[in-house]
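> Dropping a structure here in structure tokens format, bear with me for questions.
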Amino acid sequence: MTDTYAQLATQFQAEEDMAGVKWDANITAQLDSMKSSIAGQAWLFTEQVLQLHTKLLLQHKKSDEIAPVAIDDMVYTCEKILQCQETFRKLNHPTHVTVAYHYTHRQSMDKIQQHGLLSKNERNDIMVRENKFHGEAFGNGIYTANNPLAFKHFGEVGLLVATLRGKIQKVSGRNGDDDANTVIGNKRGRFHGGSISYYDEIVVRQSSQCVALIQYKSHLAHDDLIWTYHVELQKLVDNFFNGEVPTELERVHPPEGMVSGGGHFFC
């Protein structure tokens with residue numbers, strides 16, 4: 001994360017100089033101190049997401065259609081995923097973090113911005129009422145996808161989320177092992193010549209395994225801008241969560257011969 005922190009140091013020093021304020025210690029040392037704590041890492045990551053969003057907005061000018069989810073909530077949920085990552089590491093579970101997609105309704109965003117993405121059990125525990133329930137074909141958890149198109153009919157708002165999958169199990173129904181951190185099911189793939197990853201439903205079991213980063217209007221699902229966000233966010237995630245090891249990305253497209261219509265897909 002050396003380059004990332006160097007950029008932050010330069011930026012913060014410039015901001016403070018312009019304001020006529022001097023740091024009482026070397027700013028790089030202060031950033032080093034921040035990155036040694038989970039709270040500091042969470043704040044620095046959130047700052048980088050906001051900077052990335054600002055840069056991409058200047059290039060693409062879609063400010064009314066795409067935005068960060070919530071700054072305070074992002075810091076809080078980043079702390080949770082970092083803590084969860086430490087737990088997984090101690091259990092010898094995989095700790096890689098990847099960017100994924102989730103769809104929801106506009107009326108659910110206030111609660112997501114307040115509490116983060118929650119499983120049904122977690123919502124029940126804190127008595128958060130859901131606006132619309134889509135079922136749980138593969139059990140309790142937060143349902144995500146590897147592409148922005150296959151499930152965009154589930155809501156008007158798309159979310160780019162960082163997910164910590166941990167120990168993964170592929171399932172055909174609600175039969176996942178209790179010690180699986182994530183299950184992957186696929187209801188529709190079998191109707192199109194086998195299990196096609198395009199239809200994978202990737203279910204992380206608890207809220208501490210995901211962070212909602214960017215929200216966008218679902219009609220942008222076809223826009224190359226969403227893939228640009230995916231790629232750039234994954235680079236940040238790799239720097240902060242994956243030990244600076246780059247994640248190999250492959251854009252997942254609809255199966256050949258399939259066209260979209262009204263948010264659903266038809267052959």
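Here's how to read the names in the structure tokens: chain A, B, ... by the order shown, residue numbers from 1 in each chain, ligand numbers from 1 in the order shown.
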Quick one: residues within 10 Å of Thr182 of chain A, only C-alpha atoms counted, chain neighbours fewer than 5 positions away excluded, as an MDAnalysis selection string?

chainID A and resid 141:143 163:170 176:177 202:206 209

> Tell me, as a PyMOL selection string, which residues lie within 8 Å of Val252 of chain A, counting only C-alpha atoms; anything in the same chain fewer than 3 positions away does not count.

chain A and resi 146-147+198

> How about saving the chosen residues, C-alpha atoms kept, as a tab-separated table (two decimals), in the first residue's frame?


```
chain	number	residue	atom	x	y	z
A	146	ASN	CA	-20.61	-11.80	-10.25
A	147	ASN	CA	-22.14	-9.49	-12.87
A	198	TYR	CA	-23.59	-15.92	-15.08
```

> Taking into account only C-alpha atoms, which residue in the set A:Tyr199, A:Tyr229, A:Val211, A:Asp223 is nearest to Pro255 of chain A?

A:Tyr199

> For the interface of segment 125-190 of chain A with segment 52-71 of chain A (cut-off 12 Å, counting only C-alpha atoms), please tabulate each contacting residue of segment 125-190 of chain A alongside its nearest pair of atoms and their separation in Å to one decimal, rows sorted by chain and increasing number, as a Markdown table.


```
| residue | atom | partner | partner_atom | distance |
| --- | --- | --- | --- | --- |
| A:Glu156 | CA | A:Glu65 | CA | 11.1 |
| A:Val157 | CA | A:Ile66 | CA | 9.5 |
| A:Gly158 | CA | A:Ile66 | CA | 9.3 |
| A:Leu159 | CA | A:Val69 | CA | 8.0 |
| A:Leu160 | CA | A:Val69 | CA | 9.2 |
| A:Val161 | CA | A:Val69 | CA | 9.8 |
```

> For Pro246 of chain A, work out the shell of residues within 12 Å, counting only C-alpha atoms and skipping chain neighbours fewer than 2 positions away, then give it as a tab-separated table (two decimals) with C-alpha atoms, in the first residue's frame.


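The result, written out as around-v9.tsv:
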```tsv
chain	number	residue	atom	x	y	z
A	96	HIS	CA	-9.51	-12.88	-0.32
A	97	VAL	CA	-11.93	-9.98	-0.85
A	98	THR	CA	-13.65	-9.46	-4.20
A	231	VAL	CA	-12.07	-2.82	-12.01
A	232	GLU	CA	-10.91	0.27	-10.13
A	233	LEU	CA	-12.62	-0.71	-6.88
A	234	GLN	CA	-11.02	-4.15	-7.06
A	235	LYS	CA	-7.60	-2.48	-7.31
A	236	LEU	CA	-8.32	-0.58	-4.09
A	237	VAL	CA	-9.63	-3.73	-2.43
A	238	ASP	CA	-6.46	-5.58	-3.44
A	239	ASN	CA	-4.31	-2.83	-1.92
A	240	PHE	CA	-6.16	-2.68	1.38
A	241	PHE	CA	-7.47	-6.23	1.92
A	242	ASN	CA	-5.51	-8.62	-0.29
A	243	GLY	CA	-1.91	-7.80	0.55
A	244	GLU	CA	-1.44	-5.87	-2.71
A	248	GLU	CA	-7.46	-11.53	-12.01
A	249	LEU	CA	-10.73	-10.17	-13.36
```

> As a PDB file with N, CA and C atoms, in the first residue's frame, which residues of segment 11-155 of chain A does DSSP assign to strand (DSSP E)?


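Writing the result to states38.pdb gives the following:
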```pdb
ATOM      1  N   ILE A  66     -25.130   7.749  -9.924  1.00  0.00           N
ATOM      2  CA  ILE A  66     -24.177   6.870  -9.236  1.00  0.00           C
ATOM      3  C   ILE A  66     -23.520   7.652  -8.107  1.00  0.00           C
ATOM      4  N   ALA A  67     -23.365   7.008  -6.945  1.00  0.00           N
ATOM      5  CA  ALA A  67     -22.866   7.720  -5.766  1.00  0.00           C
ATOM      6  C   ALA A  67     -22.352   6.722  -4.737  1.00  0.00           C
ATOM      7  N   PRO A  68     -21.515   7.176  -3.792  1.00  0.00           N
ATOM      8  CA  PRO A  68     -21.148   6.315  -2.666  1.00  0.00           C
ATOM      9  C   PRO A  68     -22.394   5.960  -1.859  1.00  0.00           C
ATOM     10  N   VAL A  97     -10.750 -10.840  -0.736  1.00  0.00           N
ATOM     11  CA  VAL A  97     -11.931  -9.979  -0.849  1.00  0.00           C
ATOM     12  C   VAL A  97     -12.125  -9.602  -2.314  1.00  0.00           C
ATOM     13  N   THR A  98     -13.353  -9.747  -2.800  1.00  0.00           N
ATOM     14  CA  THR A  98     -13.651  -9.458  -4.200  1.00  0.00           C
ATOM     15  C   THR A  98     -14.872  -8.550  -4.311  1.00  0.00           C
ATOM     16  N   VAL A  99     -14.957  -7.846  -5.423  1.00  0.00           N
ATOM     17  CA  VAL A  99     -16.089  -6.959  -5.696  1.00  0.00           C
ATOM     18  C   VAL A  99     -17.215  -7.761  -6.346  1.00  0.00           C
ATOM     19  N   ALA A 100     -18.442  -7.509  -5.903  1.00  0.00           N
ATOM     20  CA  ALA A 100     -19.611  -8.212  -6.432  1.00  0.00           C
ATOM     21  C   ALA A 100     -20.771  -7.220  -6.546  1.00  0.00           C
ATOM     22  N   TYR A 101     -21.960  -7.748  -6.887  1.00  0.00           N
ATOM     23  CA  TYR A 101     -23.136  -6.910  -7.129  1.00  0.00           C
ATOM     24  C   TYR A 101     -24.314  -7.366  -6.267  1.00  0.00           C
ATOM     25  N   HIS A 102     -25.139  -6.395  -5.894  1.00  0.00           N
ATOM     26  CA  HIS A 102     -26.363  -6.678  -5.142  1.00  0.00           C
ATOM     27  C   HIS A 102     -27.414  -5.675  -5.604  1.00  0.00           C
ATOM     28  N   TYR A 103     -28.672  -6.126  -5.709  1.00  0.00           N
ATOM     29  CA  TYR A 103     -29.756  -5.221  -6.099  1.00  0.00           C
ATOM     30  C   TYR A 103     -30.787  -5.101  -4.987  1.00  0.00           C
ATOM     31  N   THR A 104     -31.342  -3.897  -4.872  1.00  0.00           N
ATOM     32  CA  THR A 104     -32.327  -3.632  -3.837  1.00  0.00           C
ATOM     33  C   THR A 104     -33.294  -2.561  -4.341  1.00  0.00           C
ATOM     34  N   ILE A 142     -26.716 -12.836   2.520  1.00  0.00           N
ATOM     35  CA  ILE A 142     -26.806 -11.673   1.645  1.00  0.00           C
ATOM     36  C   ILE A 142     -26.458 -12.149   0.240  1.00  0.00           C
ATOM     37  N   TYR A 143     -27.390 -11.990  -0.675  1.00  0.00           N
ATOM     38  CA  TYR A 143     -27.259 -12.553  -2.018  1.00  0.00           C
ATOM     39  C   TYR A 143     -26.541 -11.562  -2.939  1.00  0.00           C
ATOM     40  N   THR A 144     -25.467 -12.030  -3.565  1.00  0.00           N
ATOM     41  CA  THR A 144     -24.697 -11.194  -4.477  1.00  0.00           C
ATOM     42  C   THR A 144     -24.492 -11.945  -5.791  1.00  0.00           C
TER      43      THR A 144
END
```

> Can you work out which one of A:Val183, A:Ala150, A:Ala39, A:Leu91 has the shortest atom-to-atom distance to Glu136 of chain A, counting only C-alpha atoms?

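For Glu136 of chain A, the nearest of the candidates is A:Val183.
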